[in-house]
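For reference, model08.cif is printed below; it contains mmCIF, C-alpha atoms.
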data_target
#
loop_
_atom_site.group_PDB
_atom_site.id
_atom_site.type_symbol
_atom_site.label_atom_id
_atom_site.label_comp_id
_atom_site.auth_asym_id
_atom_site.auth_seq_id
_atom_site.Cartn_x
_atom_site.Cartn_y
_atom_site.Cartn_z
ATOM 1 C CA MET W 383 113.199 -38.115 11.472
ATOM 2 C CA PHE W 384 116.460 -39.388 12.906
ATOM 3 C CA VAL W 385 119.894 -37.968 12.075
ATOM 4 C CA ASN W 386 123.374 -39.127 13.002
ATOM 5 C CA ILE W 387 124.783 -37.101 15.908
ATOM 6 C CA ASN W 388 127.731 -36.202 13.666
ATOM 7 C CA ASP W 389 125.302 -34.268 11.429
ATOM 8 C CA ILE W 390 123.889 -31.916 14.082
ATOM 9 C CA LYS W 391 124.296 -28.153 13.690
ATOM 10 C CA ASN W 392 124.109 -25.157 16.031
ATOM 11 C CA GLY W 393 120.502 -24.028 16.445
ATOM 12 C CA MET W 394 119.063 -27.417 15.463
ATOM 13 C CA THR W 395 116.147 -28.629 17.597
ATOM 14 C CA VAL W 396 116.403 -32.263 18.689
ATOM 15 C CA ILE W 397 114.849 -34.644 21.176
ATOM 16 C CA MET W 398 117.584 -35.889 23.532
ATOM 17 C CA ASP W 399 116.742 -38.294 26.342
ATOM 18 C CA GLY W 400 113.038 -37.497 25.870
ATOM 19 C CA LYS W 401 113.528 -33.723 26.214
ATOM 20 C CA LEU W 402 113.043 -31.053 23.559
ATOM 21 C CA CYS W 403 116.424 -29.290 23.256
ATOM 22 C CA GLN W 404 118.219 -26.822 21.025
ATOM 23 C CA VAL W 405 121.872 -27.412 20.151
ATOM 24 C CA GLN W 406 123.914 -24.414 21.368
ATOM 25 C CA GLU W 407 127.377 -25.800 20.585
ATOM 26 C CA PHE W 408 128.904 -29.124 19.667
ATOM 27 C CA GLN W 409 132.406 -30.541 19.361
ATOM 28 C CA HIS W 410 133.691 -33.776 17.864
ATOM 29 C CA VAL W 411 136.370 -35.327 20.080
ATOM 30 C CA LYS W 412 138.644 -38.186 18.994
ATOM 31 C CA PRO W 413 140.577 -39.398 22.024
ATOM 32 C CA GLY W 414 143.842 -41.297 21.575
ATOM 33 C CA LYS W 415 142.143 -44.566 22.494
ATOM 34 C CA GLY W 416 138.594 -45.681 21.933
ATOM 35 C CA ALA W 417 135.719 -44.419 19.823
ATOM 36 C CA ALA W 418 135.061 -40.809 18.930
ATOM 37 C CA ILE W 419 132.545 -38.868 21.017
ATOM 38 C CA VAL W 420 130.472 -35.746 20.450
ATOM 39 C CA LYS W 421 130.205 -33.165 23.243
ATOM 40 C CA VAL W 422 126.984 -31.199 22.941
ATOM 41 C CA LYS W 423 125.818 -28.104 24.823
ATOM 42 C CA LEU W 424 122.008 -28.292 24.901
ATOM 43 C CA ARG W 425 119.325 -25.833 26.033
ATOM 44 C CA ASN W 426 116.091 -27.423 27.221
ATOM 45 C CA LEU W 427 113.363 -25.447 25.417
ATOM 46 C CA LYS W 428 110.758 -26.056 28.125
ATOM 47 C CA THR W 429 112.818 -25.207 31.221
ATOM 48 C CA GLY W 430 115.653 -23.111 29.739
ATOM 49 C CA ALA W 431 118.250 -25.264 31.543
ATOM 50 C CA ILE W 432 121.597 -25.687 29.782
ATOM 51 C CA THR W 433 123.483 -28.972 30.004
ATOM 52 C CA VAL W 434 126.640 -30.372 28.446
ATOM 53 C CA GLU W 435 126.477 -34.031 27.456
ATOM 54 C CA SER W 436 128.840 -36.481 25.746
ATOM 55 C CA TYR W 437 127.501 -39.018 23.259
ATOM 56 C CA ASN W 438 128.995 -41.879 21.276
ATOM 57 C CA SER W 439 129.517 -40.702 17.669
ATOM 58 C CA THR W 440 127.517 -43.642 16.290
ATOM 59 C CA ILE W 441 124.132 -42.825 17.861
ATOM 60 C CA LYS W 442 121.191 -41.275 16.048
ATOM 61 C CA VAL W 443 119.061 -38.463 17.490
ATOM 62 C CA GLU W 444 115.507 -37.501 16.688
ATOM 63 C CA LYS W 445 115.193 -34.163 14.919
ATOM 64 C CA ALA W 446 112.174 -32.229 16.214
ATOM 65 C CA HIS W 447 109.839 -30.622 13.696
ATOM 66 C CA ILE W 448 109.289 -26.997 14.685
ATOM 67 C CA ASP W 449 106.534 -24.932 13.058
ATOM 68 C CA LYS W 450 107.365 -21.233 12.644
ATOM 69 C CA LYS W 451 104.404 -18.903 12.309
ATOM 70 C CA PRO W 452 104.823 -15.215 11.386
ATOM 71 C CA MET W 453 103.091 -12.977 13.927
ATOM 72 C CA THR W 454 102.961 -9.346 15.067
ATOM 73 C CA TYR W 455 103.624 -8.234 18.642
ATOM 74 C CA LEU W 456 100.659 -6.193 19.906
ATOM 75 C CA TYR W 457 100.986 -5.361 23.615
ATOM 76 C CA LYS W 458 101.820 -6.578 27.119
ATOM 77 C CA ASP W 459 98.851 -7.720 29.215
ATOM 78 C CA GLY W 460 99.913 -8.273 32.841
ATOM 79 C CA ASP W 461 102.443 -11.134 32.793
ATOM 80 C CA ASN W 462 101.677 -12.082 29.170
ATOM 81 C CA TYR W 463 102.764 -10.755 25.806
ATOM 82 C CA VAL W 464 100.053 -10.756 23.136
ATOM 83 C CA PHE W 465 100.818 -11.586 19.487
ATOM 84 C CA MET W 466 98.515 -11.674 16.454
ATOM 85 C CA ASP W 467 98.563 -13.841 13.339
ATOM 86 C CA SER W 468 98.532 -11.343 10.446
ATOM 87 C CA GLU W 469 96.501 -13.665 8.205
ATOM 88 C CA THR W 470 93.822 -15.076 10.545
ATOM 89 C CA TYR W 471 93.863 -12.270 13.171
ATOM 90 C CA GLU W 472 94.052 -14.982 15.849
ATOM 91 C CA GLN W 473 95.701 -13.723 19.037
ATOM 92 C CA VAL W 474 98.132 -15.730 21.166
ATOM 93 C CA SER W 475 99.378 -14.923 24.689
ATOM 94 C CA VAL W 476 102.909 -15.918 25.673
ATOM 95 C CA PRO W 477 103.895 -15.882 29.384
ATOM 96 C CA GLU W 478 106.689 -13.457 30.273
ATOM 97 C CA VAL W 479 108.815 -16.273 31.765
ATOM 98 C CA GLN W 480 109.164 -17.809 28.273
ATOM 99 C CA LEU W 481 110.566 -14.548 26.889
ATOM 100 C CA GLU W 482 113.308 -13.660 29.380
ATOM 101 C CA GLU W 483 115.857 -12.683 26.708
ATOM 102 C CA GLU W 484 113.492 -11.589 23.925
ATOM 103 C CA LYS W 485 111.215 -9.234 25.922
ATOM 104 C CA LYS W 486 113.760 -6.391 25.990
ATOM 105 C CA PHE W 487 113.499 -6.149 22.184
ATOM 106 C CA LEU W 488 109.693 -6.349 21.831
ATOM 107 C CA LYS W 489 108.012 -3.170 20.628
ATOM 108 C CA GLU W 490 104.523 -2.712 19.242
ATOM 109 C CA ASN W 491 103.880 -3.912 15.673
ATOM 110 C CA LEU W 492 107.193 -5.818 15.505
ATOM 111 C CA GLU W 493 107.038 -8.719 13.025
ATOM 112 C CA ILE W 494 108.446 -11.918 14.565
ATOM 113 C CA LYS W 495 108.110 -15.695 14.176
ATOM 114 C CA ILE W 496 106.657 -17.813 16.986
ATOM 115 C CA ASN W 497 107.989 -21.377 17.232
ATOM 116 C CA PHE W 498 105.484 -24.174 17.909
ATOM 117 C CA TYR W 499 106.197 -27.803 18.776
ATOM 118 C CA GLU W 500 103.159 -30.092 18.697
ATOM 119 C CA GLY W 501 100.881 -27.060 19.092
ATOM 120 C CA GLU W 502 102.759 -25.672 22.117
ATOM 121 C CA ILE W 503 104.662 -22.370 22.009
ATOM 122 C CA ILE W 504 108.351 -22.936 22.728
ATOM 123 C CA GLY W 505 109.804 -19.524 21.870
ATOM 124 C CA LEU W 506 110.164 -16.901 19.194
ATOM 125 C CA ASP W 507 112.600 -15.716 16.550
ATOM 126 C CA LEU W 508 113.342 -11.998 16.431
ATOM 127 C CA PRO W 509 114.632 -10.102 13.393
ATOM 128 C CA GLU W 510 118.434 -9.916 13.439
ATOM 129 C CA LYS W 511 118.397 -6.101 13.804
ATOM 130 C CA ILE W 512 115.672 -3.799 15.132
ATOM 131 C CA GLU W 513 115.316 -0.010 15.001
ATOM 132 C CA PHE W 514 114.615 1.775 18.300
ATOM 133 C CA GLU W 515 114.167 5.382 19.417
ATOM 134 C CA VAL W 516 116.519 6.617 22.140
ATOM 135 C CA VAL W 517 114.304 7.965 24.967
ATOM 136 C CA ASP W 518 117.073 8.810 27.441
ATOM 137 C CA THR W 519 120.837 9.117 27.343
ATOM 138 C CA THR W 520 123.556 10.552 29.504
ATOM 139 C CA ASP W 521 125.580 13.519 28.340
ATOM 140 C CA ALA W 522 129.033 12.937 26.944
ATOM 141 C CA VAL W 523 131.812 13.834 29.362
ATOM 142 C CA LYS W 524 133.885 16.720 27.986
ATOM 143 C CA GLY W 525 137.382 15.556 27.135
ATOM 144 C CA ASN W 526 136.437 11.862 27.048
ATOM 145 C CA THR W 527 137.665 11.151 23.551
ATOM 146 C CA THR W 528 139.497 7.914 24.115
ATOM 147 C CA ASN W 529 139.125 5.159 21.556
ATOM 148 C CA ASN W 530 135.572 3.856 21.290
ATOM 149 C CA ALA W 531 134.195 6.022 24.111
ATOM 150 C CA MET W 532 130.651 4.866 24.894
ATOM 151 C CA LYS W 533 127.744 6.017 27.049
ATOM 152 C CA ASP W 534 124.451 4.478 28.204
ATOM 153 C CA ALA W 535 121.237 5.019 26.248
ATOM 154 C CA THR W 536 117.767 3.745 27.100
ATOM 155 C CA VAL W 537 115.471 2.832 24.207
ATOM 156 C CA GLU W 538 111.665 2.829 24.040
ATOM 157 C CA THR W 539 111.356 -0.705 25.494
ATOM 158 C CA GLY W 540 113.381 0.220 28.596
ATOM 159 C CA TYR W 541 116.474 -1.670 27.430
ATOM 160 C CA THR W 542 119.794 0.088 28.144
ATOM 161 C CA VAL W 543 122.583 -0.224 25.610
ATOM 162 C CA LYS W 544 126.079 1.282 25.206
ATOM 163 C CA VAL W 545 126.193 3.765 22.300
ATOM 164 C CA PRO W 546 128.816 6.153 20.865
ATOM 165 C CA LEU W 547 129.029 9.610 22.436
ATOM 166 C CA PHE W 548 127.385 11.378 19.454
ATOM 167 C CA ILE W 549 123.996 9.601 19.884
ATOM 168 C CA GLN W 550 121.375 11.957 21.364
ATOM 169 C CA GLN W 551 117.907 11.565 22.843
ATOM 170 C CA GLY W 552 115.224 11.263 20.142
ATOM 171 C CA GLU W 553 117.542 9.656 17.570
ATOM 172 C CA HIS W 554 116.825 6.260 16.047
ATOM 173 C CA ILE W 555 119.431 3.511 16.377
ATOM 174 C CA ILE W 556 119.690 -0.095 15.261
ATOM 175 C CA ILE W 557 120.400 -2.799 17.850
ATOM 176 C CA SER W 558 121.495 -6.349 17.043
ATOM 177 C CA THR W 559 119.240 -8.926 18.751
ATOM 178 C CA VAL W 560 122.012 -11.522 18.496
ATOM 179 C CA ASP W 561 124.264 -9.866 21.090
ATOM 180 C CA GLY W 562 122.110 -6.929 22.283
ATOM 181 C CA LYS W 563 124.660 -4.318 21.180
ATOM 182 C CA TYR W 564 124.414 -1.049 19.267
ATOM 183 C CA SER W 565 124.863 -1.605 15.545
ATOM 184 C CA SER W 566 124.404 1.781 13.849
ATOM 185 C CA ARG W 567 122.266 4.875 13.455
ATOM 186 C CA ALA W 568 118.979 4.272 11.668
#
Representation of the structure as structure tokens:
Amino acid sequence: MFVNINDIKNGMTVIMDGKLCQVQEFQHVKPGKGAAIVKVKLRNLKTGAITVESYNSTIKVEKAHIDKKPMTYLYKDGDNYVFMDSETYEQVSVPEVQLEEEKKFLKENLEIKINFYEGEIIGLDLPEKIEFEVVDTTDAVKGNTTNNAMKDATVETGYTVKVPLFIQQGEHIIISTVDGKYSSRA
């Protein structure tokens, strides 16, 4: 299916110049002279490379059909992460290099969606917020009561996040997967 480049949205998956890409940002630019152009920041879904391109506002781009399959994260096996389809019990291994950003949020039995393009895994969608247990945290410094004082806390996956001073080891917190920051207590 082809769409006008003026109709693209952030997060849309398109085929640009023969490459499968996700639109990160776009901007319509109308210079003083000449035709309008669209500047697009694209992330290549196979290589992870990010490019910024300018296109004439009259062109059409091919919208890629992405299949999203709900799956459950099971465990890490060497350099692969293993997921299971909850309906068919089929297991799928995803190489660690494809999950550079997502791996810090993966914990056992987490429900996610794996994205497929023409039968090939191109990534996964995490829930917007995930609950984690704090396994290690530094002590608050006495007298450090400035506005928004924060300290480091390590959660069960090994990810380190800044949390408020009152968070203690063993507590459950919620982390946003959008920006990787502390959201609230669980």
Q. With distances taken over only C-alpha atoms, which of W:Thr433, W:Thr536, W:Asn388, W:Gln409 is nearest to Lys486 of chain W?
A.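 Counting only C-alpha atoms, the residue closest to Lys486 of chain W is W:Thr536.
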**Q.** Expected selection from the PyMOL selection byres ((chain W and resi 424) around 10), given as a list in words
**A.**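 Applied to this file, the PyMOL selection byres ((chain W and resi 424) around 10) selects Asn392, Gly393, Met394, Thr395, Val396, Met398, Leu402, Cys403, Gln404, Val405, Gln406, Glu407, Phe408, Lys421, Val422, Lys423, Arg425, Asn426, Leu427, Gly430, Ala431, Ile432, Thr433, Val434 and Glu435 of chain W.
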Q: Have a look at W:Asn386, W:Thr429, W:Thr559, W:Thr520 and name the one nearest to Gly505 of chain W; count all atoms listed in the file.
A: W:Thr429
(Q) So that I can check the surroundings of Glu482 of chain W, please list as number ranges by chain every protein, DNA and RNA residue that reaches within 12 Å of it, counting only C-alpha atoms and ignoring chain neighbours fewer than 5 positions away. (A) W: 429-430, 461-463, 476-477, 487-488, 505-506
Q: May I ask which of the residues W:Asn497, W:Asn530, W:Ser558, W:Ser475 is the closest one to Asp449 of chain W, counting all atoms listed in the file?
A: W:Asn497
Once 4 Å is added on each side, what centre and edge lengths in Å to one decimal does the axis-aligned box around all listed atoms of segment 483-495 of chain W have, as JSON?
{"center_x": 109.9, "center_y": -9.2, "center_z": 19.9, "size_x": 20.0, "size_y": 21.0, "size_z": 21.7}
Q. Any chance you could work out the residue set of the PyMOL selection byres ((chain W and resi 491) around 9) here, as a VMD selection string?
A. chain W and resid 454 to 457 488 to 490 492 to 493
Q. Selected by the PyMOL selection byres ((chain W and resi 411-413) around 12) in the shown coordinates: which residues, as a ChimeraX atom specification?
A. /W:388,408-410,414-422,436-439
**Q.** Between atom CA of Met466 of chain W and atom CA of Ile504 of chain W, distance in Å (one decimal)
**A.** 16.2 Å
Q: May I have the residues at most 12 Å from (100.3, -11.0, 5.9) in the file's coordinates, counting only C-alpha atoms, as an MDAnalysis selection string?
A: chainID W and resid 451:454 466:471 493:494
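Put simply, atom CA of Val560 of chain W is 26.4 Å away from atom CA of Gln473 of chain W.
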